[in-house]
Amino acid sequence: MRKLVVVTGGSGYIGSVLCPLLVEAGYRVRVLDRFFFGNTIPDSENIEKIKIDSRQIMQSHLQGAYAVLDLAALSNDPAGELDPVKTLDINYRARRRLQELASDIGVERYILASSCSIYGFQDGILDENSPTNPLTTYAEANLRAEESALQLHANGTDLAVTLFRQATMYGLSPRMRFDIAVNGMTLGMWQNGTIPMLRDGTQWRPFIHIRDTSKAFILALNAKRELIAGERFNVGCKEQNYQIMQLGELVAEGIGKKFDFTWYGDPDHRSYQVNFDKVKDVLGFTPDWTPLEGAKEIADALESGTVKPDIYTKTLAWYTELIEWEKRMKDLAPDGNIL
Ligand SMILES: NC(=O)c1ccc[n+]([C@@H]2O[C@H](COP(=O)([O-])OP(=O)(O)OC[C@H]3O[C@@H](n4cnc5c(N)ncnc54)[C@H](O)[C@@H]3O)[C@@H](O)[C@H]2O)c1
């Protein structure tokens, strides 16, 4: 009998790659998602899909679950500023409530999809014990959701809570995102022959492929409880801390084009590097992918037309559009009906 893993936000950029890999790894999956970016999960007898807001999840949605992987969120800094109160509701309070529900009904494992952005921008190489410095509502909500999980752990819950501080991702997904660095650079190079480069290119950031992050989730699900309960892991690898200019060069090389770039934005001197020893030493995690390979797979998909840079692929633009629709609907149909 396959163990059941509940994945909130399972139809997102990471989830749509992770869920089929969970099935391959021998799990059953239940996706709980609003499907803001459509249904991007393949049909499978081992995958159940439920359209639900993460703020409305009830015990019945978790029934029979071995683990909860908590991915549902407004998933970047600018989207998190559209409505900071709602961001805290979705990215923090709904998660705290879910952690408590999971603990109450005897789910064994909970993994939070947090982010390295909670470190803010600090000098030096940051490990799991470095001070945090959340600079946006998105980062603040992640940090609070981590704290509520750790509080449950400190209170002696049987639920093994694990916090994944993920590097910025790249790679091809059925719910594609072109609003993250490698993917956006690849699109720019493919469309215009030039990489959009955030000034001044010397800033450091950590990166990881979505298939590798997915692998880390599976390693943690399979690991002994004492290795992961109450633990924070930076998820990424030392070698994939890059300066943005260097990253652009790799993207161009991956696509096989001459490196060229066009500046955008104000000079961004915010920089950070992350230490990933713990995830390697404790979970045995090593990545299979590099940004060069990630850029190549995306460029190939753009070339063959299997991925299109439509509005669904720009997270902020799509949520902004949805909010516009909501306003129009309220204005046009105060009783909820157009006709
Ligand atoms: N992609 C990255 O580079 C990255 C890096 C670090 C951390 N993370 C975190 O990993 C998680 C997943 O990121 P992603 O890139 O897949 O984002 P995504 O935006 O592609 O996916 C988020 C999913 O959550 C769903 N969702 C949003 N609000 C919801 C709600 N109220 N109720 C139910 N479902 C809701 C969306 O429909 C979507 O399917 C997020 O928590 C994100 O903050 C992502």
# chains A, B, ... in the order shown; residues from 1 in each chain; ligands from 1
>>> residues_near_ligand(ligand="ligand 1", cutoff="7 Å", atoms="only C-alpha atoms and all ligand atoms", output="short mmCIF file (atom, residue, chain, number, x, y, z; two decimals) with N, CA and C atoms, in the first residue's frame")
data_model
loop_
_atom_site.label_atom_id
_atom_site.label_comp_id
_atom_site.auth_asym_id
_atom_site.auth_seq_id
_atom_site.Cartn_x
_atom_site.Cartn_y
_atom_site.Cartn_z
N THR A 8 0.11 20.72 -0.76
CA THR A 8 -0.63 21.97 -1.00
C THR A 8 0.12 22.75 -2.08
N GLY A 9 -0.61 23.45 -2.94
CA GLY A 9 0.07 24.17 -4.03
C GLY A 9 0.74 23.22 -5.01
N GLY A 10 0.21 21.99 -5.09
CA GLY A 10 0.85 20.94 -5.89
C GLY A 10 0.76 21.17 -7.37
N SER A 11 -0.08 22.12 -7.82
CA SER A 11 -0.18 22.38 -9.25
C SER A 11 0.64 23.62 -9.64
N GLY A 12 1.58 24.01 -8.78
CA GLY A 12 2.43 25.16 -9.07
C GLY A 12 3.70 24.74 -9.80
N TYR A 13 4.62 25.67 -9.89
CA TYR A 13 5.88 25.47 -10.63
C TYR A 13 6.65 24.26 -10.08
N ILE A 14 6.86 24.22 -8.77
CA ILE A 14 7.59 23.09 -8.18
C ILE A 14 6.69 21.86 -8.12
N GLY A 15 5.45 22.06 -7.65
CA GLY A 15 4.54 20.94 -7.42
C GLY A 15 4.30 20.11 -8.66
N LEU A 32 -3.81 19.66 -3.02
CA LEU A 32 -4.80 20.65 -2.57
C LEU A 32 -4.36 22.00 -3.12
N ASP A 33 -5.15 22.59 -4.00
CA ASP A 33 -4.68 23.78 -4.71
C ASP A 33 -5.88 24.58 -5.20
N ARG A 34 -5.69 25.88 -5.36
CA ARG A 34 -6.69 26.72 -6.02
C ARG A 34 -6.56 26.60 -7.55
N PHE A 35 -5.50 26.04 -8.03
CA PHE A 35 -5.23 25.90 -9.48
C PHE A 35 -5.27 27.26 -10.18
N PHE A 36 -4.62 28.25 -9.56
CA PHE A 36 -4.57 29.59 -10.15
C PHE A 36 -3.91 29.57 -11.53
N PHE A 37 -3.00 28.62 -11.72
CA PHE A 37 -2.27 28.56 -13.00
C PHE A 37 -2.74 27.39 -13.84
N ILE A 52 -9.24 23.62 -3.53
CA ILE A 52 -9.56 24.15 -2.20
C ILE A 52 -8.56 25.26 -1.87
N ASP A 53 -9.05 26.27 -1.17
CA ASP A 53 -8.14 27.31 -0.69
C ASP A 53 -7.41 26.79 0.56
N SER A 54 -6.14 27.09 0.65
CA SER A 54 -5.36 26.56 1.79
C SER A 54 -5.90 27.10 3.12
N ARG A 55 -6.63 28.22 3.08
CA ARG A 55 -7.20 28.76 4.32
C ARG A 55 -8.43 27.98 4.76
N LEU A 71 3.35 23.72 0.00
CA LEU A 71 3.90 24.58 -1.06
C LEU A 71 2.98 25.76 -1.40
N ALA A 72 1.72 25.70 -1.00
CA ALA A 72 0.77 26.74 -1.44
C ALA A 72 1.18 28.09 -0.86
N ALA A 73 1.29 29.07 -1.72
CA ALA A 73 1.68 30.41 -1.28
C ALA A 73 1.61 31.37 -2.45
N LEU A 74 1.53 32.66 -2.11
CA LEU A 74 1.87 33.69 -3.10
C LEU A 74 3.39 33.64 -3.16
N SER A 75 3.94 33.33 -4.32
CA SER A 75 5.26 32.71 -4.34
C SER A 75 6.44 33.60 -4.69
N ASN A 76 6.28 34.91 -4.64
CA ASN A 76 7.49 35.74 -4.73
C ASN A 76 7.27 37.08 -4.05
N ILE A 90 -2.34 33.77 3.85
CA ILE A 90 -2.10 32.56 3.03
C ILE A 90 -0.74 31.94 3.37
N ALA A 113 7.78 24.56 2.45
CA ALA A 113 8.57 25.09 1.32
C ALA A 113 8.91 26.55 1.61
N SER A 114 9.91 26.76 2.46
CA SER A 114 10.35 28.11 2.78
C SER A 114 11.42 28.55 1.78
N SER A 115 12.07 29.64 2.08
CA SER A 115 12.96 30.23 1.06
C SER A 115 14.21 30.82 1.70
N CYS A 116 15.31 30.77 0.96
CA CYS A 116 16.56 31.42 1.41
C CYS A 116 16.36 32.93 1.55
N ARG A 165 14.63 25.73 3.34
CA ARG A 165 14.92 27.08 2.84
C ARG A 165 15.53 26.92 1.46
N GLN A 166 14.66 27.01 0.47
CA GLN A 166 15.07 26.68 -0.89
C GLN A 166 15.77 27.85 -1.58
N ALA A 167 16.79 27.52 -2.37
CA ALA A 167 17.42 28.50 -3.25
C ALA A 167 16.43 28.87 -4.35
N THR A 168 16.75 29.91 -5.12
CA THR A 168 15.90 30.26 -6.27
C THR A 168 15.99 29.16 -7.31
N MET A 169 14.83 28.80 -7.82
CA MET A 169 14.81 27.64 -8.70
C MET A 169 14.92 28.01 -10.18
N TYR A 170 15.20 26.99 -10.97
CA TYR A 170 15.18 27.14 -12.43
C TYR A 170 14.77 25.80 -13.01
N ARG A 175 3.82 24.07 -15.13
CA ARG A 175 3.40 25.43 -14.75
C ARG A 175 4.70 26.24 -14.82
N ARG A 177 7.46 29.19 -15.02
CA ARG A 177 7.67 30.53 -14.49
C ARG A 177 8.83 31.18 -15.23
N ILE A 180 11.64 34.11 -12.83
CA ILE A 180 12.79 33.81 -11.98
C ILE A 180 14.05 33.76 -12.85
N THR A 315 4.19 35.38 -12.68
CA THR A 315 3.37 35.25 -11.47
C THR A 315 2.68 36.56 -11.08
#
>>> select_by_dssp(residues="region 228-325 of chain A", states="strand (DSSP E)", output="list in words")
Glu231, Arg232, Phe233, Asn234, Val235, Asn241, Tyr242, Gln243, Phe261, Thr262, Trp263, Tyr264, Gln273 and Val274 of chain A
>>> closest_atom_pairs(of="region 149-180 of chain A", to="region 187-197 of chain A", cutoff="12 Å", atoms="only C-alpha atoms", output="tab-separated table")
residue	atom	partner	partner_atom	distance
A:Gly171	CA	A:Leu187	CA	11.8
A:Leu172	CA	A:Leu187	CA	11.8
A:Met176	CA	A:Leu187	CA	11.4
A:Arg177	CA	A:Leu187	CA	10.4
A:Phe178	CA	A:Leu187	CA	7.2
A:Asp179	CA	A:Leu187	CA	9.9
A:Ile180	CA	A:Leu187	CA	10.5
>>> write_last_selection(atoms="C-alpha atoms", output="tab-separated table (two decimals), in the first residue's frame")
chain	number	residue	atom	x	y	z
A	171	GLY	CA	14.15	24.55	-14.99
A	172	LEU	CA	11.22	23.47	-17.06
A	176	MET	CA	6.26	27.45	-16.20
A	177	ARG	CA	7.67	30.53	-14.49
A	178	PHE	CA	9.62	33.09	-16.50
A	179	ASP	CA	9.74	35.49	-13.55
A	180	ILE	CA	12.79	33.81	-11.98
>>> atom_distance(atom1="CA of Tyr264 (chain A)", atom2="CA of Trp204 (chain A)")
16.8 Å
>>> residues_around(residues="Val274 (chain A)", least_positions_apart="6", cutoff="12 Å", atoms="only C-alpha atoms", output="ChimeraX atom specification")
/A:115-130,165-168,204-208,233-242
>>> write_last_selection(atoms="C-alpha atoms", output="compact mmCIF listing (two decimals), in the first residue's frame")
# COMPACT_ATOMS: atom_id res chain seq x y z
CA SER A 115 12.96 30.23 1.06
CA CYS A 116 16.56 31.42 1.41
CA SER A 117 15.07 34.92 1.05
CA ILE A 118 14.43 34.91 4.81
CA TYR A 119 18.15 35.67 5.26
CA GLY A 120 17.65 39.02 3.55
CA PHE A 121 20.96 40.24 2.24
CA GLN A 122 23.91 39.74 4.53
CA ASP A 123 27.66 39.51 4.08
CA GLY A 124 29.40 36.21 4.46
CA ILE A 125 28.14 32.71 3.72
CA LEU A 126 24.89 32.01 5.51
CA ASP A 127 24.06 28.69 7.16
CA GLU A 128 20.96 27.51 9.00
CA ASN A 129 22.12 29.16 12.23
CA SER A 130 22.80 32.57 10.70
CA ARG A 165 14.92 27.08 2.84
CA GLN A 166 15.07 26.68 -0.89
CA ALA A 167 17.42 28.50 -3.25
CA THR A 168 15.90 30.26 -6.27
CA TRP A 204 25.52 36.76 -5.48
CA ARG A 205 22.47 34.48 -5.28
CA PRO A 206 21.97 30.71 -4.74
CA PHE A 207 20.17 28.58 -7.39
CA ILE A 208 18.82 25.03 -7.73
CA PHE A 233 17.80 22.81 5.79
CA ASN A 234 19.12 25.19 3.17
CA VAL A 235 18.26 23.40 -0.06
CA GLY A 236 20.74 23.99 -2.83
CA CYS A 237 24.47 23.42 -3.30
CA LYS A 238 27.64 25.41 -2.72
CA GLU A 239 28.68 25.36 -6.38
CA GLN A 240 25.43 27.02 -7.48
CA ASN A 241 25.98 30.28 -5.60
CA TYR A 242 26.51 32.56 -8.61
>>> closest_residue(among="A:Ala301, A:Val23, A:Val31, A:Ile218", to="Glu45 (chain A)", atoms="only C-alpha atoms")
A:Val23
>>> atom_distance(atom1="CA of Gly254 (chain A)", atom2="CA of Phe217 (chain A)")
26.7 Å
>>> closest_atom_pairs(of="region 174-279 of chain A", to="region 285-289 of chain A", cutoff="7 Å", atoms="only C-alpha atoms", output="Markdown table")
| residue | atom | partner | partner_atom | distance |
| --- | --- | --- | --- | --- |
| A:His209 | CA | A:Trp289 | CA | 6.1 |
| A:Asp212 | CA | A:Pro287 | CA | 5.4 |
| A:Ala216 | CA | A:Phe285 | CA | 6.4 |
| A:Val279 | CA | A:Phe285 | CA | 5.8 |
>>> write_last_selection(atoms="N, CA and C atoms", output="PDB file, in the first residue's frame")
ATOM      1  N   HIS A 209      17.918  23.517  -9.390  1.00  0.00           N
ATOM      2  CA  HIS A 209      16.922  23.056 -10.368  1.00  0.00           C
ATOM      3  C   HIS A 209      15.694  22.486  -9.637  1.00  0.00           C
ATOM      4  N   ASP A 212      15.890  18.913  -8.748  1.00  0.00           N
ATOM      5  CA  ASP A 212      16.774  18.660  -7.604  1.00  0.00           C
ATOM      6  C   ASP A 212      16.079  18.992  -6.284  1.00  0.00           C
ATOM      7  N   ALA A 216      15.188  16.512  -3.104  1.00  0.00           N
ATOM      8  CA  ALA A 216      15.441  16.779  -1.682  1.00  0.00           C
ATOM      9  C   ALA A 216      14.184  16.504  -0.846  1.00  0.00           C
ATOM     10  N   VAL A 279      22.370  19.912   4.166  1.00  0.00           N
ATOM     11  CA  VAL A 279      21.491  19.067   3.340  1.00  0.00           C
ATOM     12  C   VAL A 279      22.311  17.967   2.659  1.00  0.00           C
TER      13      VAL A 279
END
>>> closest_residue(among="A:Met185, A:Ile311, A:Ala139, A:Leu221", to="Lys3 (chain A)", atoms="only C-alpha atoms")
A:Leu221
>>> atom_distance(atom1="CA of Leu163 (chain A)", atom2="CA of Ile111 (chain A)")
5.8 Å
>>> closest_residue(among="A:Pro78, A:Gly230, A:Pro131, A:Gly184", to="Phe164 (chain A)", atoms="only C-alpha atoms")
A:Gly230
>>> residues_around(residues="Asp43 (chain A)", least_positions_apart="5", cutoff="12 Å", atoms="only C-alpha atoms", output="PyMOL selection string")
chain A and resi 16+19-20+23+29-31+48-49
>>> write_last_selection(atoms="N, CA and C atoms", output="mmCIF file, in the first residue's frame")
data_model
loop_
_atom_site.group_PDB
_atom_site.id
_atom_site.type_symbol
_atom_site.label_atom_id
_atom_site.label_comp_id
_atom_site.auth_asym_id
_atom_site.auth_seq_id
_atom_site.Cartn_x
_atom_site.Cartn_y
_atom_site.Cartn_z
ATOM 1 N N SER A 16 4.161 20.780 -9.820
ATOM 2 C CA SER A 16 3.825 19.983 -11.008
ATOM 3 C C SER A 16 4.986 19.117 -11.475
ATOM 4 N N CYS A 19 5.088 16.304 -7.942
ATOM 5 C CA CYS A 19 4.040 15.292 -7.714
ATOM 6 C C CYS A 19 4.263 14.010 -8.541
ATOM 7 N N PRO A 20 4.528 14.122 -9.852
ATOM 8 C CA PRO A 20 4.824 12.882 -10.591
ATOM 9 C C PRO A 20 6.065 12.168 -10.052
ATOM 10 N N VAL A 23 5.097 10.047 -7.141
ATOM 11 C CA VAL A 23 4.464 8.796 -7.581
ATOM 12 C C VAL A 23 5.540 7.800 -8.016
ATOM 13 N N VAL A 29 -0.445 10.633 -4.072
ATOM 14 C CA VAL A 29 -0.414 12.082 -3.862
ATOM 15 C C VAL A 29 -1.833 12.640 -3.848
ATOM 16 N N ARG A 30 -2.079 13.568 -2.923
ATOM 17 C CA ARG A 30 -3.331 14.344 -2.947
ATOM 18 C C ARG A 30 -2.943 15.821 -3.056
ATOM 19 N N VAL A 31 -3.318 16.431 -4.169
ATOM 20 C CA VAL A 31 -2.994 17.842 -4.393
ATOM 21 C C VAL A 31 -4.145 18.708 -3.867
ATOM 22 N N GLU A 48 -4.668 12.405 -6.647
ATOM 23 C CA GLU A 48 -6.018 12.937 -6.459
ATOM 24 C C GLU A 48 -5.885 14.462 -6.409
ATOM 25 N N LYS A 49 -6.850 15.174 -7.041
ATOM 26 C CA LYS A 49 -6.741 16.638 -7.079
ATOM 27 C C LYS A 49 -7.972 17.254 -6.435
#
>>> residues_around(residues="Val161 (chain A)", least_positions_apart="2", cutoff="12 Å", atoms="only C-alpha atoms", output="ChimeraX atom specification")
/A:67-70,96,98-100,102-103,107-113,145-159,163-164,220-221,225-233
>>> closest_residue(among="A:Ser173, A:Thr186, A:Gln246, A:Thr87", to="Tyr138 (chain A)", atoms="only C-alpha atoms")
A:Thr87
>>> closest_residue(among="A:Pro174, A:Gly64, A:Pro267, A:Gly248", to="Asp200 (chain A)", atoms="only C-alpha atoms")
A:Pro267
>>> residues_around(residues="region 318-323 of chain A", least_positions_apart="5", cutoff="8 Å", atoms="only C-alpha atoms", output="number ranges by chain")
A: 79, 82, 311-313
>>> select_by_dssp(residues="region 40-285 of chain A", states="helix (DSSP H, G or I)", output="PyMOL selection string")
chain A and resi 54-56+59-62+77-80+84-104+116-119+137-154+181-192+210-222+225-228+238-240+244-255+277-283
>>> write_last_selection(atoms="C-alpha atoms", output="short mmCIF file (atom, residue, chain, number, x, y, z; two decimals), in the first residue's frame")
data_model
loop_
_atom_site.label_atom_id
_atom_site.label_comp_id
_atom_site.auth_asym_id
_atom_site.auth_seq_id
_atom_site.Cartn_x
_atom_site.Cartn_y
_atom_site.Cartn_z
CA SER A 54 -5.36 26.56 1.79
CA ARG A 55 -7.20 28.76 4.32
CA GLN A 56 -10.18 26.35 4.19
CA GLN A 59 -9.12 17.46 8.75
CA SER A 60 -10.92 15.39 6.11
CA HIS A 61 -8.49 16.69 3.46
CA LEU A 62 -5.60 15.22 5.45
CA ASP A 77 8.28 39.12 -3.20
CA PRO A 78 6.25 41.37 -5.55
CA ALA A 79 3.16 39.12 -5.50
CA GLY A 80 3.43 39.15 -1.71
CA PRO A 84 0.28 42.13 2.49
CA VAL A 85 -2.57 41.21 4.87
CA LYS A 86 -3.75 38.41 2.59
CA THR A 87 -0.15 37.31 2.02
CA LEU A 88 0.23 36.81 5.76
CA ASP A 89 -3.12 34.95 5.81
CA ILE A 90 -2.10 32.56 3.03
CA ASN A 91 1.65 32.25 3.51
CA TYR A 92 1.68 32.22 7.29
CA ARG A 93 -1.68 31.79 9.10
CA ALA A 94 -3.04 29.10 6.78
CA ARG A 95 0.22 27.21 7.18
CA ARG A 96 0.22 27.49 10.96
CA ARG A 97 -3.34 26.17 10.98
CA LEU A 98 -2.38 23.32 8.64
CA GLN A 99 0.57 22.38 10.86
CA GLU A 100 -1.79 22.19 13.85
CA LEU A 101 -4.39 20.16 11.93
CA ALA A 102 -1.72 17.73 10.74
CA SER A 103 -0.37 17.36 14.25
CA ASP A 104 -3.88 16.83 15.70
CA CYS A 116 16.56 31.42 1.41
CA SER A 117 15.07 34.92 1.05
CA ILE A 118 14.43 34.91 4.81
CA TYR A 119 18.15 35.67 5.26
CA THR A 137 6.06 40.43 3.50
CA TYR A 138 6.78 37.22 1.57
CA ALA A 139 10.00 36.57 3.52
CA GLU A 140 8.38 37.59 6.83
CA ALA A 141 5.49 35.15 6.27
CA ASN A 142 7.93 32.31 5.53
CA LEU A 143 9.85 33.04 8.70
CA ARG A 144 6.68 33.11 10.81
CA ALA A 145 5.50 29.81 9.28
CA GLU A 146 8.89 28.31 10.17
CA GLU A 147 8.56 29.60 13.73
CA SER A 148 5.06 28.17 14.20
CA ALA A 149 6.27 24.75 12.98
CA LEU A 150 9.25 24.87 15.35
CA GLN A 151 6.97 25.90 18.21
CA LEU A 152 4.82 22.78 17.61
CA HIS A 153 8.02 20.73 17.66
CA ALA A 154 9.13 22.36 20.92
CA ALA A 181 16.39 34.49 -12.94
CA VAL A 182 17.64 31.62 -15.11
CA ASN A 183 14.28 31.12 -16.79
CA GLY A 184 13.80 34.84 -17.52
CA MET A 185 17.35 35.14 -18.85
CA THR A 186 16.78 32.16 -21.13
CA LEU A 187 13.56 33.65 -22.46
CA GLY A 188 15.26 37.02 -23.11
CA MET A 189 18.11 35.35 -24.98
CA TRP A 190 15.74 33.18 -26.99
CA GLN A 191 13.32 36.01 -27.84
CA ASN A 192 15.67 38.98 -28.31
CA ILE A 210 13.28 22.13 -9.57
CA ARG A 211 13.97 18.43 -10.16
CA ASP A 212 16.77 18.66 -7.60
CA THR A 213 14.60 20.42 -5.03
CA SER A 214 11.99 17.71 -5.67
CA LYS A 215 14.66 15.10 -5.00
CA ALA A 216 15.44 16.78 -1.68
CA PHE A 217 11.76 16.58 -0.64
CA ILE A 218 11.78 12.84 -1.38
CA LEU A 219 15.06 12.33 0.50
CA ALA A 220 13.53 14.02 3.55
CA LEU A 221 10.34 11.94 3.30
CA ASN A 222 12.44 8.76 3.24
CA ARG A 225 12.71 10.75 11.70
CA GLU A 226 15.53 11.85 14.01
CA LEU A 227 17.42 13.35 11.06
CA ILE A 228 14.66 15.67 9.96
CA LYS A 238 27.64 25.41 -2.72
CA GLU A 239 28.68 25.36 -6.38
CA GLN A 240 25.43 27.02 -7.48
CA ILE A 244 24.27 37.31 -11.71
CA MET A 245 26.64 38.21 -14.57
CA GLN A 246 28.29 34.80 -14.29
CA LEU A 247 24.85 33.17 -14.38
CA GLY A 248 24.01 35.05 -17.58
CA GLU A 249 27.19 33.73 -19.21
CA LEU A 250 26.18 30.16 -18.30
CA VAL A 251 22.70 30.67 -19.72
CA ALA A 252 24.12 31.92 -23.04
CA GLU A 253 26.51 28.97 -23.13
CA GLY A 254 23.66 26.55 -22.40
CA ILE A 255 21.66 27.89 -25.33
CA ASP A 277 26.65 21.52 3.84
CA LYS A 278 23.83 20.32 6.08
CA VAL A 279 21.49 19.07 3.34
CA LYS A 280 24.45 17.25 1.76
CA ASP A 281 25.81 15.76 4.98
CA VAL A 282 22.49 14.82 6.63
CA LEU A 283 20.25 13.94 3.67
#
